[in-house]
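Chemist: File follows, my_file.tsv with TSV, C-alpha atoms and all ligand atoms:
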```tsv
chain	number	residue	atom	x	y	z
A	25	MET	CA	4.21	39.64	-39.31
A	26	PRO	CA	3.71	43.41	-39.82
A	27	LYS	CA	1.40	44.29	-42.71
A	28	ILE	CA	2.96	45.13	-46.07
A	29	LYS	CA	1.31	48.40	-47.08
A	30	VAL	CA	0.84	48.88	-50.80
A	31	ALA	CA	-0.71	51.57	-53.02
A	32	LEU	CA	-2.36	50.75	-56.36
A	33	ILE	CA	-1.96	52.98	-59.40
A	34	GLY	CA	-4.83	52.03	-61.71
A	35	VAL	CA	-7.88	50.12	-60.44
A	36	GLY	CA	-8.41	48.04	-63.58
A	37	ASN	CA	-8.72	44.30	-64.14
A	38	CYS	CA	-5.36	43.39	-62.58
A	39	ALA	CA	-6.13	45.41	-59.45
A	40	SER	CA	-9.51	43.67	-59.28
A	41	ALA	CA	-8.05	40.15	-59.49
A	42	PHE	CA	-5.32	41.10	-57.01
A	43	LEU	CA	-7.76	42.44	-54.42
A	44	GLN	CA	-10.10	39.48	-54.90
A	45	GLY	CA	-7.08	37.20	-54.42
A	46	LEU	CA	-6.13	38.91	-51.15
A	47	SER	CA	-9.62	38.30	-49.83
A	48	TYR	CA	-9.83	34.74	-51.26
A	49	TYR	CA	-6.52	33.63	-49.72
A	50	GLY	CA	-7.09	35.67	-46.55
A	51	ASN	CA	-10.11	33.44	-45.92
A	52	THR	CA	-8.14	30.20	-46.26
A	53	ALA	CA	-7.03	29.41	-42.75
A	54	LYS	CA	-4.57	26.58	-43.41
A	55	THR	CA	-1.59	27.08	-45.71
A	56	GLU	CA	-1.80	23.44	-46.87
A	57	GLU	CA	-5.36	24.04	-48.18
A	58	ILE	CA	-4.19	26.83	-50.47
A	59	VAL	CA	-4.56	26.06	-54.18
A	60	GLY	CA	-3.44	28.29	-57.04
A	61	LEU	CA	-0.41	30.03	-55.57
A	62	ARG	CA	3.22	29.39	-56.40
A	63	ASN	CA	4.21	30.33	-52.86
A	64	PRO	CA	1.53	30.22	-50.17
A	65	THR	CA	4.21	31.48	-47.75
A	66	LEU	CA	7.16	33.54	-48.93
A	67	ALA	CA	9.93	34.87	-46.68
A	68	GLY	CA	7.56	34.18	-43.78
A	69	TYR	CA	4.73	36.27	-45.27
A	70	VAL	CA	1.30	35.00	-46.36
A	71	PRO	CA	-0.93	36.95	-48.78
A	72	ASP	CA	-3.02	38.17	-45.84
A	73	ASP	CA	0.02	40.14	-44.63
A	74	ILE	CA	-0.48	42.48	-47.60
A	75	THR	CA	-2.88	45.38	-47.26
A	76	VAL	CA	-3.88	48.06	-49.75
A	77	VAL	CA	-3.70	51.50	-48.13
A	78	ALA	CA	-4.24	53.81	-51.12
A	79	ALA	CA	-5.54	53.62	-54.70
A	80	PHE	CA	-5.63	56.02	-57.65
A	81	ASP	CA	-7.52	56.03	-60.95
A	82	VAL	CA	-9.05	58.53	-63.37
A	83	ASP	CA	-12.37	56.87	-64.30
A	84	GLU	CA	-15.53	58.62	-63.08
A	85	ARG	CA	-17.13	55.25	-62.27
A	86	LYS	CA	-14.34	54.34	-59.82
A	87	ILE	CA	-13.32	57.64	-58.15
A	88	GLY	CA	-14.84	58.16	-54.69
A	89	LEU	CA	-15.88	54.50	-54.30
A	90	ASP	CA	-14.53	52.11	-51.72
A	91	LEU	CA	-11.91	49.95	-53.46
A	92	SER	CA	-14.07	46.85	-52.84
A	93	GLU	CA	-16.77	48.38	-55.12
A	94	ALA	CA	-14.52	50.18	-57.59
A	95	ILE	CA	-12.92	46.89	-58.71
A	96	TYR	CA	-16.27	45.75	-60.16
A	97	ALA	CA	-17.05	49.06	-61.90
A	98	GLU	CA	-17.04	49.18	-65.71
A	99	PRO	CA	-15.08	48.85	-67.90
A	100	ASN	CA	-13.46	46.20	-65.66
A	101	ASN	CA	-14.60	42.80	-66.91
A	102	THR	CA	-12.53	40.24	-65.05
A	103	PRO	CA	-14.89	37.75	-63.35
A	104	GLN	CA	-15.99	38.06	-59.74
A	105	ILE	CA	-14.27	35.17	-57.98
A	106	SER	CA	-14.53	36.23	-54.34
A	107	GLN	CA	-16.39	38.60	-52.03
A	108	VAL	CA	-14.24	41.55	-51.05
A	109	PRO	CA	-15.29	43.20	-47.79
A	110	LYS	CA	-15.21	47.01	-47.50
A	111	THR	CA	-11.60	48.17	-47.37
A	112	GLY	CA	-12.03	51.72	-46.09
A	113	VAL	CA	-9.76	52.80	-48.98
A	114	ILE	CA	-11.44	55.32	-51.27
A	115	VAL	CA	-10.21	55.50	-54.87
A	116	ASN	CA	-8.57	58.90	-55.42
A	117	LYS	CA	-8.32	60.86	-58.64
A	118	GLY	CA	-4.79	61.13	-60.01
A	119	PRO	CA	-3.57	63.16	-63.00
A	120	LEU	CA	-4.55	61.78	-66.41
A	121	LEU	CA	-1.39	62.55	-68.43
A	122	ASP	CA	-1.28	59.89	-71.20
A	123	GLY	CA	-3.41	57.34	-69.26
A	124	VAL	CA	-6.03	57.22	-72.02
A	125	GLY	CA	-5.20	56.67	-75.68
A	126	GLU	CA	-7.25	57.39	-78.84
A	127	SER	CA	-8.71	53.90	-78.82
A	128	THR	CA	-9.60	53.80	-75.12
A	129	LYS	CA	-11.17	57.26	-74.83
A	130	HIS	CA	-14.59	55.73	-75.53
A	131	ILE	CA	-13.92	53.02	-72.90
A	132	ILE	CA	-12.56	55.10	-69.98
A	133	GLN	CA	-14.78	57.96	-68.69
A	134	VAL	CA	-12.34	60.54	-67.37
A	135	SER	CA	-13.55	62.12	-64.13
A	136	VAL	CA	-13.67	65.91	-63.76
A	137	LYS	CA	-13.17	65.65	-59.99
A	138	ALA	CA	-10.15	67.38	-58.40
A	139	GLU	CA	-6.85	65.50	-58.37
A	140	VAL	CA	-5.36	64.70	-54.99
A	141	ASP	CA	-1.76	65.40	-53.99
A	142	ILE	CA	-0.23	61.96	-54.67
A	143	VAL	CA	2.86	62.25	-52.45
A	144	LYS	CA	0.83	63.60	-49.53
A	145	THR	CA	-1.78	60.83	-49.94
A	146	LEU	CA	0.89	58.12	-50.09
A	147	LYS	CA	2.62	59.50	-47.00
A	148	GLU	CA	-0.60	59.88	-45.01
A	149	ALA	CA	-1.57	56.31	-45.89
A	150	ASP	CA	1.89	55.14	-44.78
A	151	ALA	CA	2.36	53.31	-48.09
A	152	GLU	CA	5.70	51.54	-48.51
A	153	ILE	CA	5.30	49.99	-51.97
A	154	VAL	CA	3.67	51.60	-55.05
A	155	ILE	CA	2.33	49.13	-57.63
A	156	ASN	CA	2.01	50.52	-61.13
A	157	LEU	CA	-0.97	48.92	-62.91
A	158	LEU	CA	-1.60	51.65	-65.47
A	159	PRO	CA	-2.49	50.82	-69.09
A	160	SER	CA	0.58	49.74	-70.99
A	161	GLY	CA	0.56	52.84	-73.24
A	162	ALA	CA	0.72	55.21	-70.24
A	163	VAL	CA	4.42	56.05	-70.52
A	164	LYS	CA	4.33	59.58	-69.06
A	165	ALA	CA	1.90	58.58	-66.29
A	166	THR	CA	4.17	55.64	-65.38
A	167	GLU	CA	7.17	57.98	-65.14
A	168	TYR	CA	5.13	60.47	-63.14
A	169	TYR	CA	4.17	57.80	-60.58
A	170	ALA	CA	7.74	56.49	-60.38
A	171	LYS	CA	8.78	60.04	-59.38
A	172	GLN	CA	5.91	60.29	-56.86
A	173	ALA	CA	7.01	56.97	-55.33
A	174	ILE	CA	10.54	58.30	-54.86
A	175	ALA	CA	9.23	61.54	-53.31
A	176	ALA	CA	7.00	59.57	-50.93
A	177	ASN	CA	9.86	57.20	-50.00
A	178	CYS	CA	8.15	54.12	-51.50
A	179	ALA	CA	9.53	51.13	-53.40
A	180	PHE	CA	8.17	50.80	-56.96
A	181	ILE	CA	6.78	47.75	-58.76
A	182	ASN	CA	6.35	48.37	-62.48
A	183	ALA	CA	3.90	45.79	-63.81
A	184	THR	CA	3.58	47.65	-67.13
A	185	PRO	CA	5.82	47.08	-70.17
A	186	ASN	CA	7.21	50.63	-69.92
A	187	PHE	CA	10.95	50.76	-69.32
A	188	ILE	CA	11.66	51.78	-65.72
A	189	ALA	CA	13.62	49.05	-63.93
A	190	SER	CA	15.38	48.20	-67.20
A	191	ASP	CA	16.28	51.87	-67.80
A	192	PRO	CA	19.64	52.72	-66.13
A	193	SER	CA	18.62	56.35	-65.54
A	194	TRP	CA	15.58	55.29	-63.48
A	195	GLU	CA	17.58	52.63	-61.66
A	196	LYS	CA	20.07	55.38	-60.70
A	197	GLN	CA	17.30	57.58	-59.31
A	198	PHE	CA	15.98	54.77	-57.11
A	199	LYS	CA	19.52	53.91	-56.02
A	200	GLU	CA	20.17	57.51	-55.00
A	201	ALA	CA	16.88	57.60	-53.12
A	202	ASN	CA	17.87	54.35	-51.38
A	203	LEU	CA	14.70	52.59	-52.57
A	204	PRO	CA	14.08	49.23	-54.29
A	205	LEU	CA	12.71	49.13	-57.84
A	206	VAL	CA	11.43	46.09	-59.77
A	207	GLY	CA	10.09	45.56	-63.32
A	208	ASP	CA	9.34	45.66	-66.18
A	209	ASP	CA	6.18	43.93	-67.47
A	210	LEU	CA	4.95	41.41	-64.95
A	211	VAL	CA	5.26	37.74	-65.85
A	212	ASP	CA	2.04	35.70	-65.81
A	213	GLN	CA	1.64	32.68	-63.54
A	214	ILE	CA	1.09	30.46	-66.57
A	215	GLY	CA	2.05	32.86	-69.31
A	216	SER	CA	2.20	32.32	-73.02
A	217	THR	CA	5.84	33.51	-73.08
A	218	ALA	CA	6.90	30.99	-70.41
A	219	LEU	CA	4.95	28.21	-72.14
A	220	HIS	CA	6.52	29.09	-75.48
A	221	LYS	CA	10.04	29.19	-73.99
A	222	THR	CA	9.50	25.88	-72.21
A	223	LEU	CA	8.23	24.16	-75.36
A	224	LEU	CA	11.14	25.47	-77.42
A	225	LYS	CA	13.68	24.45	-74.78
A	226	LEU	CA	12.17	20.97	-74.50
A	227	LEU	CA	12.30	20.51	-78.27
A	228	SER	CA	15.77	22.00	-78.63
A	229	ASP	CA	17.16	19.92	-75.71
A	230	SER	CA	15.75	16.85	-77.49
A	231	GLY	CA	17.72	17.67	-80.64
A	232	VAL	CA	14.93	19.33	-82.64
A	233	LYS	CA	16.11	22.22	-84.80
A	234	ILE	CA	13.38	24.91	-84.75
A	235	THR	CA	13.09	26.58	-88.14
A	236	GLU	CA	10.26	29.04	-87.39
A	237	THR	CA	7.80	29.77	-84.63
A	238	TYR	CA	5.18	32.31	-83.62
A	239	GLN	CA	2.92	32.97	-80.66
A	240	LEU	CA	0.00	35.37	-81.06
A	241	ASP	CA	-2.57	36.59	-78.54
A	242	VAL	CA	-6.11	37.93	-78.76
A	243	GLY	CA	-7.91	39.35	-75.72
A	244	GLY	CA	-11.03	41.25	-74.68
A	245	GLY	CA	-9.96	43.54	-71.78
A	246	ALA	CA	-9.39	47.31	-72.07
A	247	GLU	CA	-5.67	46.52	-71.94
A	248	SER	CA	-5.94	44.60	-75.25
A	249	VAL	CA	-7.33	47.73	-76.94
A	250	ASP	CA	-4.56	49.90	-75.50
A	251	THR	CA	-1.89	47.39	-76.52
A	252	LEU	CA	-3.10	47.34	-80.11
A	253	GLU	CA	-2.88	51.10	-80.41
A	254	ARG	CA	0.12	52.05	-78.33
A	255	THR	CA	2.37	49.21	-77.28
A	256	ARG	CA	2.02	46.51	-79.90
A	257	ASP	CA	5.60	47.03	-81.12
A	258	ALA	CA	7.13	47.28	-77.63
A	259	LYS	CA	5.23	44.15	-76.50
A	260	ARG	CA	6.40	42.31	-79.59
A	261	THR	CA	10.03	43.26	-78.88
A	262	ILE	CA	9.82	42.21	-75.21
A	263	LYS	CA	8.10	38.90	-75.93
A	264	THR	CA	10.22	38.02	-78.97
A	265	GLU	CA	13.48	38.73	-77.12
A	266	ALA	CA	12.31	36.69	-74.14
A	267	VAL	CA	11.34	33.72	-76.34
A	268	ALA	CA	14.60	33.92	-78.33
A	269	SER	CA	16.55	33.56	-75.07
A	270	ALA	CA	15.24	29.96	-74.74
A	271	LEU	CA	17.15	28.78	-77.82
A	272	PRO	CA	20.94	28.44	-78.14
A	273	TYR	CA	20.78	29.53	-81.81
A	274	LYS	CA	18.99	32.19	-83.89
A	275	THR	CA	15.81	31.29	-85.73
A	276	GLN	CA	12.69	33.01	-87.10
A	277	ILE	CA	10.55	34.06	-84.12
A	278	VAL	CA	7.52	36.34	-83.77
A	279	ALA	CA	5.70	36.71	-80.46
A	280	GLY	CA	3.14	39.41	-79.73
A	281	SER	CA	-0.45	40.61	-79.44
A	282	THR	CA	-2.63	40.64	-82.52
A	283	ASP	CA	-6.18	41.77	-81.86
A	284	TYR	CA	-9.04	42.75	-79.58
A	285	VAL	CA	-12.16	40.58	-79.49
A	286	ASP	CA	-14.73	42.25	-77.22
A	287	PHE	CA	-16.84	39.15	-76.47
A	288	LEU	CA	-13.83	37.38	-74.99
A	289	GLN	CA	-14.23	39.76	-72.00
A	290	ASN	CA	-11.08	39.36	-69.85
A	291	LYS	CA	-10.16	36.04	-71.50
A	292	ARG	CA	-7.00	35.71	-73.56
A	293	ASP	CA	-6.51	33.18	-76.35
A	294	SER	CA	-2.90	32.39	-77.20
A	295	TYR	CA	-1.96	30.55	-80.40
A	296	PHE	CA	1.37	28.76	-80.83
A	297	TYR	CA	2.92	27.50	-84.01
A	298	ILE	CA	6.27	25.69	-84.07
A	299	ASP	CA	7.97	24.24	-87.11
A	300	GLY	CA	11.22	22.31	-87.08
A	301	VAL	CA	13.11	19.17	-88.03
A	302	TYR	CA	14.37	16.22	-86.02
A	303	PHE	CA	16.08	12.87	-86.85
A	304	CYS	CA	17.32	12.79	-90.49
A	305	ASN	CA	15.66	16.15	-91.22
A	306	THR	CA	12.16	14.74	-90.54
A	307	PRO	CA	9.63	17.59	-90.14
A	308	ILE	CA	7.79	18.29	-86.88
A	309	LYS	CA	4.93	20.80	-86.46
A	310	ILE	CA	2.99	21.96	-83.40
A	311	ASP	CA	-0.24	24.03	-83.43
A	312	LEU	CA	-1.64	24.83	-80.02
A	313	LYS	CA	-4.33	27.01	-78.45
A	314	PHE	CA	-4.16	28.05	-74.81
A	315	GLN	CA	-6.92	30.01	-73.02
A	316	THR	CA	-6.65	31.89	-69.74
A	317	VAL	CA	-8.41	34.75	-67.97
A	318	ASP	CA	-5.91	37.56	-68.09
A	319	ALA	CA	-6.06	39.41	-64.79
A	320	PRO	CA	-6.03	36.42	-62.36
A	321	ASN	CA	-2.94	35.25	-64.25
A	322	ALA	CA	-1.07	38.24	-62.80
A	323	GLY	CA	-2.16	37.56	-59.20
A	324	SER	CA	0.19	34.85	-57.95
A	325	VAL	CA	3.40	36.42	-59.30
A	326	LEU	CA	2.33	39.85	-58.03
A	327	LEU	CA	1.81	38.42	-54.53
A	328	ASP	CA	5.32	36.92	-54.68
A	329	VAL	CA	6.89	40.12	-55.99
A	330	ILE	CA	5.26	42.28	-53.29
A	331	ARG	CA	6.52	40.00	-50.51
A	332	ALA	CA	10.00	39.89	-52.07
A	333	VAL	CA	10.08	43.70	-52.33
A	334	LYS	CA	9.24	43.81	-48.62
A	335	VAL	CA	12.36	41.66	-48.10
A	336	ALA	CA	14.39	44.21	-50.11
A	337	LEU	CA	12.98	47.04	-47.98
A	338	THR	CA	13.84	45.17	-44.80
A	339	LYS	CA	17.37	44.55	-46.10
A	340	LYS	CA	17.54	48.27	-47.00
A	341	GLN	CA	18.49	47.44	-50.60
A	342	ASN	CA	18.19	49.92	-53.43
A	343	GLY	CA	18.07	50.20	-57.22
A	344	ALA	CA	16.79	47.36	-59.44
A	345	ILE	CA	16.66	44.16	-57.35
A	346	GLU	CA	17.83	41.64	-59.92
A	347	PRO	CA	16.59	38.33	-58.44
A	348	ILE	CA	13.06	39.79	-58.16
A	349	CYS	CA	13.17	41.41	-61.62
A	350	ALA	CA	14.38	38.21	-63.31
A	351	TYR	CA	11.76	36.03	-61.56
A	352	GLY	CA	8.73	38.29	-61.84
A	353	PHE	CA	9.13	40.26	-65.07
A	354	LYS	CA	9.38	39.74	-68.82
A	355	ARG	CA	11.83	42.60	-69.29
A	356	PRO	CA	14.24	42.59	-66.32
A	357	PRO	CA	17.48	44.58	-66.53
A	358	LYS	CA	19.21	41.21	-67.17
A	359	ILE	CA	17.40	38.29	-68.88
A	360	THR	CA	18.22	34.81	-67.49
A	361	SER	CA	16.75	31.35	-68.04
A	362	ILE	CA	13.52	30.46	-66.19
A	363	THR	CA	15.41	27.88	-64.09
A	364	THR	CA	18.17	30.30	-63.05
A	365	ALA	CA	15.61	33.03	-62.28
A	366	ASP	CA	13.56	30.67	-60.11
A	367	GLU	CA	16.64	29.40	-58.22
A	368	GLU	CA	17.99	32.89	-57.58
A	369	PHE	CA	14.60	34.13	-56.41
A	370	LYS	CA	14.31	31.20	-53.99
A	371	ARG	CA	17.80	31.89	-52.66
A	372	TYR	CA	17.01	35.60	-52.30
A	373	THR	CA	13.72	35.16	-50.45
A	374	ASN	CA	14.99	32.35	-48.19
A	375	ALA	CA	18.16	34.13	-47.13
B	1	LIG	N1	-2.01	39.17	-66.73
B	1	LIG	C1	-2.12	40.48	-66.80
B	1	LIG	O1	-3.22	41.02	-66.76
B	1	LIG	C2	-0.86	41.33	-66.93
B	1	LIG	C3	0.38	40.71	-67.05
B	1	LIG	C4	1.51	41.51	-67.20
B	1	LIG	C5	1.40	42.89	-67.21
B	1	LIG	N2	0.19	43.48	-67.08
B	1	LIG	C6	0.11	44.95	-67.12
B	1	LIG	O2	-0.65	45.46	-66.03
B	1	LIG	C7	-1.21	46.71	-66.41
B	1	LIG	C8	-2.68	46.75	-66.00
B	1	LIG	O3	-3.44	45.82	-66.74
B	1	LIG	P1	-5.04	45.78	-66.59
B	1	LIG	O4	-5.53	44.64	-67.39
B	1	LIG	O5	-5.42	45.91	-65.16
B	1	LIG	O6	-5.43	47.15	-67.36
B	1	LIG	P2	-6.82	47.93	-67.28
B	1	LIG	O7	-6.92	48.71	-68.54
B	1	LIG	O8	-7.92	47.01	-66.90
B	1	LIG	O9	-6.60	48.96	-66.04
B	1	LIG	C9	-5.90	50.17	-66.12
B	1	LIG	C10	-6.52	51.15	-65.12
B	1	LIG	O10	-5.73	52.34	-65.12
B	1	LIG	C11	-6.62	53.46	-65.05
B	1	LIG	N3	-5.91	54.66	-65.50
B	1	LIG	C12	-5.70	55.13	-66.76
B	1	LIG	N4	-4.96	56.25	-66.71
B	1	LIG	C13	-4.69	56.50	-65.41
B	1	LIG	C14	-3.95	57.52	-64.74
B	1	LIG	N5	-3.35	58.50	-65.40
B	1	LIG	N6	-3.89	57.48	-63.38
B	1	LIG	C15	-4.49	56.48	-62.68
B	1	LIG	N7	-5.21	55.49	-63.27
B	1	LIG	C16	-5.30	55.50	-64.62
B	1	LIG	C17	-7.80	53.02	-65.93
B	1	LIG	O11	-8.94	53.81	-65.66
B	1	LIG	C18	-7.95	51.56	-65.49
B	1	LIG	O12	-8.76	51.47	-64.36
B	1	LIG	C19	-0.99	46.84	-67.93
B	1	LIG	O13	0.07	47.72	-68.18
B	1	LIG	C20	-0.62	45.43	-68.35
B	1	LIG	O14	0.23	45.41	-69.49
B	1	LIG	C21	-0.94	42.72	-66.94
```
I'd like the structure from this file rewritten - as C-alpha cells, please.
Modeler:
Amino acid sequence: MPKIKVALIGVGNCASAFLQGLSYYGNTAKTEEIVGLRNPTLAGYVPDDITVVAAFDVDERKIGLDLSEAIYAEPNNTPQISQVPKTGVIVNKGPLLDGVGESTKHIIQVSVKAEVDIVKTLKEADAEIVINLLPSGAVKATEYYAKQAIAANCAFINATPNFIASDPSWEKQFKEANLPLVGDDLVDQIGSTALHKTLLKLLSDSGVKITETYQLDVGGGAESVDTLERTRDAKRTIKTEAVASALPYKTQIVAGSTDYVDFLQNKRDSYFYIDGVYFCNTPIKIDLKFQTVDAPNAGSVLLDVIRAVKVALTKKQNGAIEPICAYGFKRPPKITSITTADEEFKRYTNA
C-alpha cells in the first residue's frame, strides 16, 4: 500500500500518543497479535501505512527538534509507551494566533524563532492530510490551518471541538476545493460520552425512566487547563447534546469538564451519576468512576479516521464525509446513534 502522508498541527499529548502508537503497531508483525485497536486493518491499510511528513508547533522546547524527541518535551505529560525512532521530521514554528490562552501562557513557552510558510512546507513534504491537534480554545488558529490545508490541497481532520466540519460555510469551502473534511471533536476509543450514552440506552431499553444524570471529568493535561478557561461551555454543549441523543425522551442532563488536577498528569477521571425509576416507580441510582489516560484514548479512532480519509481522497470525494464524521467525532454535521454510525462507517470503508 502507498504511504498515507499526514501533517500534524500541534505536537502535544495527542500527537505524542499517536506517534508512539504508529511505532508500537509498526513493530507488531502479525495483524492477529495486535491488541488495543478497533481495526488493525482498515480498507486494506495497517497503521504502518501512515507516515508523518510535517509537524508544526509554537513551543520553544519543541521547535527545531526531531518529532521523535519533541513528543516527550514539556509540557507534554502523556506516558512513554514505546520507543519512537528518529523520523527525520523537524518540528516547524507556525503562527501563534490564539493558540495560547490566559491560563496556558505559563505552561506553553512561545518560541521567538521565525515562522515557516505553512503552505510551502506542506507542499514540499507532499502532505495529503492535515490533522488539527491544536488546543481546544484555538479557534482562529484552527481556522487558519483549515485555510492552509485548502491552499496546500490537503484533506483536513479537525480533532478539536471547534466548529469546522459541522459549519456549513467551511464544508462549502472544502467542497469547492474538491477536498474531504472531517470533524469535529474526535471521539475517544473508550470515551466517557460513549459510555454514558451506552448506559442510558441500556437502562432506557430495559424500561427504566431516567430522571436526571450527569457526567463530569477532571484531568491533568495542558488541554484540561485550556478547556476550563476557553471551551468549557462549548464542550458542555457538545457532550450534553451527544448524551441526550441516546434517550427517546427529554430529561435533565449535564455532561462536561469540571476541573484541572495537576498531579493526575495526562490521566482523566470521569464521574457518572444516573438517577431513575423502574418497575412500579422503584428508584434506581448509579454512581461510577472511570479512569483513563487521555491521549492514548484518541489513538485508535484517529488511526481509523486517517485511513478512512485516505479512502475519501482515493474516491475523490469532497466536503464533510458523513460516515467518517459520525463514526469518529462527537460533533459531526449529523448526529446518529453509535450503532448506525459504526455500521455506516464499516460499509463506507469496506466498499
Ligand atoms: N483523548 C484526547 O486526548 C482527545 C479527544 C478528543 C479531542 N481531543 C482534542 O485534541 C486536541 C489536542 O489535545 P492535546 O491533549 O494533544 O493538547 P495539548 O495541549 O497537549 O497539545 C496542543 C499543542 O498545540 C500547540 N500549539 C498551541 N498553539 C499552537 C499554534 N498556534 N500552532 C501550532 N501549535 C500550537 C501546543 O504548544 C501543544 O503542543 C484538543 O483540541 C483536544 O480537545 C483530544
Chemist: Mind dumping a table of every region 160-193 of chain A residue within 7 Å of region 130-146 of chain A, with the nearest atom pair and its distance in Å to one decimal, using only C-alpha atoms, sorted by chain and rising number, as CSV?
Modeler:
```
residue,atom,partner,partner_atom,distance
A:Gln172,CA,A:Val143,CA,5.7
A:Ala175,CA,A:Val143,CA,6.5
A:Ala176,CA,A:Val143,CA,5.2
```
Chemist: Can you check which parts of chain A lie within 7 Å of ligand LIG 1 (chain B)? Per residue, the shortest pair of atoms and distance in Å to one decimal, counting all atoms listed in the file, sorted by chain and number, as a Markdown table.
Modeler:
```
| residue | atom | partner | partner_atom | distance |
| --- | --- | --- | --- | --- |
| A:Ile33 | CA | B:LIG1 | C15 | 5.4 |
| A:Gly34 | CA | B:LIG1 | O10 | 3.5 |
| A:Val35 | CA | B:LIG1 | O12 | 4.2 |
| A:Gly36 | CA | B:LIG1 | O9 | 3.2 |
| A:Asn37 | CA | B:LIG1 | O5 | 3.8 |
| A:Cys38 | CA | B:LIG1 | O5 | 3.6 |
| A:Ala39 | CA | B:LIG1 | O5 | 5.8 |
| A:Phe80 | CA | B:LIG1 | C15 | 5.2 |
| A:Asp81 | CA | B:LIG1 | N7 | 3.3 |
| A:Val82 | CA | B:LIG1 | N7 | 4.9 |
| A:Asp83 | CA | B:LIG1 | O11 | 4.8 |
| A:Asn100 | CA | B:LIG1 | O8 | 5.7 |
| A:Gly118 | CA | B:LIG1 | N6 | 5.0 |
| A:Pro119 | CA | B:LIG1 | N5 | 5.2 |
| A:Leu120 | CA | B:LIG1 | N5 | 3.6 |
| A:Leu121 | CA | B:LIG1 | N5 | 5.4 |
| A:Asp122 | CA | B:LIG1 | N5 | 6.3 |
| A:Gly123 | CA | B:LIG1 | N4 | 3.2 |
| A:Val124 | CA | B:LIG1 | N4 | 5.5 |
| A:Ile132 | CA | B:LIG1 | O11 | 5.8 |
| A:Leu157 | CA | B:LIG1 | C8 | 4.1 |
| A:Leu158 | CA | B:LIG1 | O10 | 4.2 |
| A:Pro159 | CA | B:LIG1 | O13 | 4.1 |
| A:Ser160 | CA | B:LIG1 | O13 | 3.5 |
| A:Ala162 | CA | B:LIG1 | N4 | 6.8 |
| A:Ala165 | CA | B:LIG1 | N5 | 5.3 |
| A:Ala183 | CA | B:LIG1 | O2 | 5.1 |
| A:Thr184 | CA | B:LIG1 | O13 | 3.7 |
| A:Pro185 | CA | B:LIG1 | O14 | 5.9 |
| A:Asp209 | CA | B:LIG1 | C5 | 4.9 |
| A:Leu210 | CA | B:LIG1 | C4 | 4.1 |
| A:Val211 | CA | B:LIG1 | C4 | 5.5 |
| A:Asp212 | CA | B:LIG1 | N1 | 5.4 |
| A:Gly245 | CA | B:LIG1 | O8 | 6.3 |
| A:Ala246 | CA | B:LIG1 | O7 | 4.5 |
| A:Glu247 | CA | B:LIG1 | O7 | 4.2 |
| A:Asp318 | CA | B:LIG1 | N1 | 4.4 |
| A:Ala319 | CA | B:LIG1 | O1 | 3.8 |
| A:Pro320 | CA | B:LIG1 | N1 | 6.5 |
| A:Asn321 | CA | B:LIG1 | N1 | 4.7 |
| A:Ala322 | CA | B:LIG1 | N1 | 4.1 |
```
Chemist: Write the residues you've just listed into a file as a short mmCIF file (atom, residue, chain, number, x, y, z; two decimals), in the frame of the given file, and include C-alpha atoms for each of them.
Modeler:
```cif
data_model
loop_
_atom_site.label_atom_id
_atom_site.label_comp_id
_atom_site.auth_asym_id
_atom_site.auth_seq_id
_atom_site.Cartn_x
_atom_site.Cartn_y
_atom_site.Cartn_z
CA ILE A 33 -1.96 52.98 -59.40
CA GLY A 34 -4.83 52.03 -61.71
CA VAL A 35 -7.88 50.12 -60.44
CA GLY A 36 -8.41 48.04 -63.58
CA ASN A 37 -8.72 44.30 -64.14
CA CYS A 38 -5.36 43.39 -62.58
CA ALA A 39 -6.13 45.41 -59.45
CA PHE A 80 -5.63 56.02 -57.65
CA ASP A 81 -7.52 56.03 -60.95
CA VAL A 82 -9.05 58.53 -63.37
CA ASP A 83 -12.37 56.87 -64.30
CA ASN A 100 -13.46 46.20 -65.66
CA GLY A 118 -4.79 61.13 -60.01
CA PRO A 119 -3.57 63.16 -63.00
CA LEU A 120 -4.55 61.78 -66.41
CA LEU A 121 -1.39 62.55 -68.43
CA ASP A 122 -1.28 59.89 -71.20
CA GLY A 123 -3.41 57.34 -69.26
CA VAL A 124 -6.03 57.22 -72.02
CA ILE A 132 -12.56 55.10 -69.98
CA LEU A 157 -0.97 48.92 -62.91
CA LEU A 158 -1.60 51.65 -65.47
CA PRO A 159 -2.49 50.82 -69.09
CA SER A 160 0.58 49.74 -70.99
CA ALA A 162 0.72 55.21 -70.24
CA ALA A 165 1.90 58.58 -66.29
CA ALA A 183 3.90 45.79 -63.81
CA THR A 184 3.58 47.65 -67.13
CA PRO A 185 5.82 47.08 -70.17
CA ASP A 209 6.18 43.93 -67.47
CA LEU A 210 4.95 41.41 -64.95
CA VAL A 211 5.26 37.74 -65.85
CA ASP A 212 2.04 35.70 -65.81
CA GLY A 245 -9.96 43.54 -71.78
CA ALA A 246 -9.39 47.31 -72.07
CA GLU A 247 -5.67 46.52 -71.94
CA ASP A 318 -5.91 37.56 -68.09
CA ALA A 319 -6.06 39.41 -64.79
CA PRO A 320 -6.03 36.42 -62.36
CA ASN A 321 -2.94 35.25 -64.25
CA ALA A 322 -1.07 38.24 -62.80
#
```
Chemist: Near Pro204 (chain A), within 7 Å and counting all atoms listed in the file, which residues show up once chain neighbours fewer than 4 positions away are dropped, as a list in words?
Modeler: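 Close residues of Pro204 (chain A): Ala179, Phe180, Phe198, Ala336, Leu337, Gln341, Asn342, Gly343, Ala344 and Ile345 of chain A.
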Chemist: Would you please work out which residue, of A:Thr65, A:Gln239, A:Thr255, A:Asn116, is nearest to Val163 (chain A) when using only C-alpha atoms?
Modeler: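 Among the listed residues, A:Thr255 lies closest to Val163 (chain A).
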Chemist: Please identify all polymer residues within 12 Å of region 299-305 of chain A, counting all atoms listed in the file, omitting same-chain residues fewer than 3 positions from it, and present them as an MDAnalysis selection string.
Modeler: chainID A and resid 223:224 227:239 275:277 296 308:312
Chemist: With distances taken over all atoms listed in the file, which residue among A:Val278, A:Ile174, A:Leu32, A:Leu43 lies nearest Val154 (chain A)?
Modeler: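 Residue with the minimum atom-to-atom distance to Val154 (chain A): A:Leu32.
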Chemist: Centre and edge lengths of an axis-aligned box around all listed atoms of region 233-242 of chain A, with 6 Å added on each side, are to be given in Å to one decimal, as AutoDock Vina command-line options.
Modeler:
```
--center_x 5.0 --center_y 30.1 --center_z -83.3 --size_x 34.2 --size_y 27.7 --size_z 21.6
```
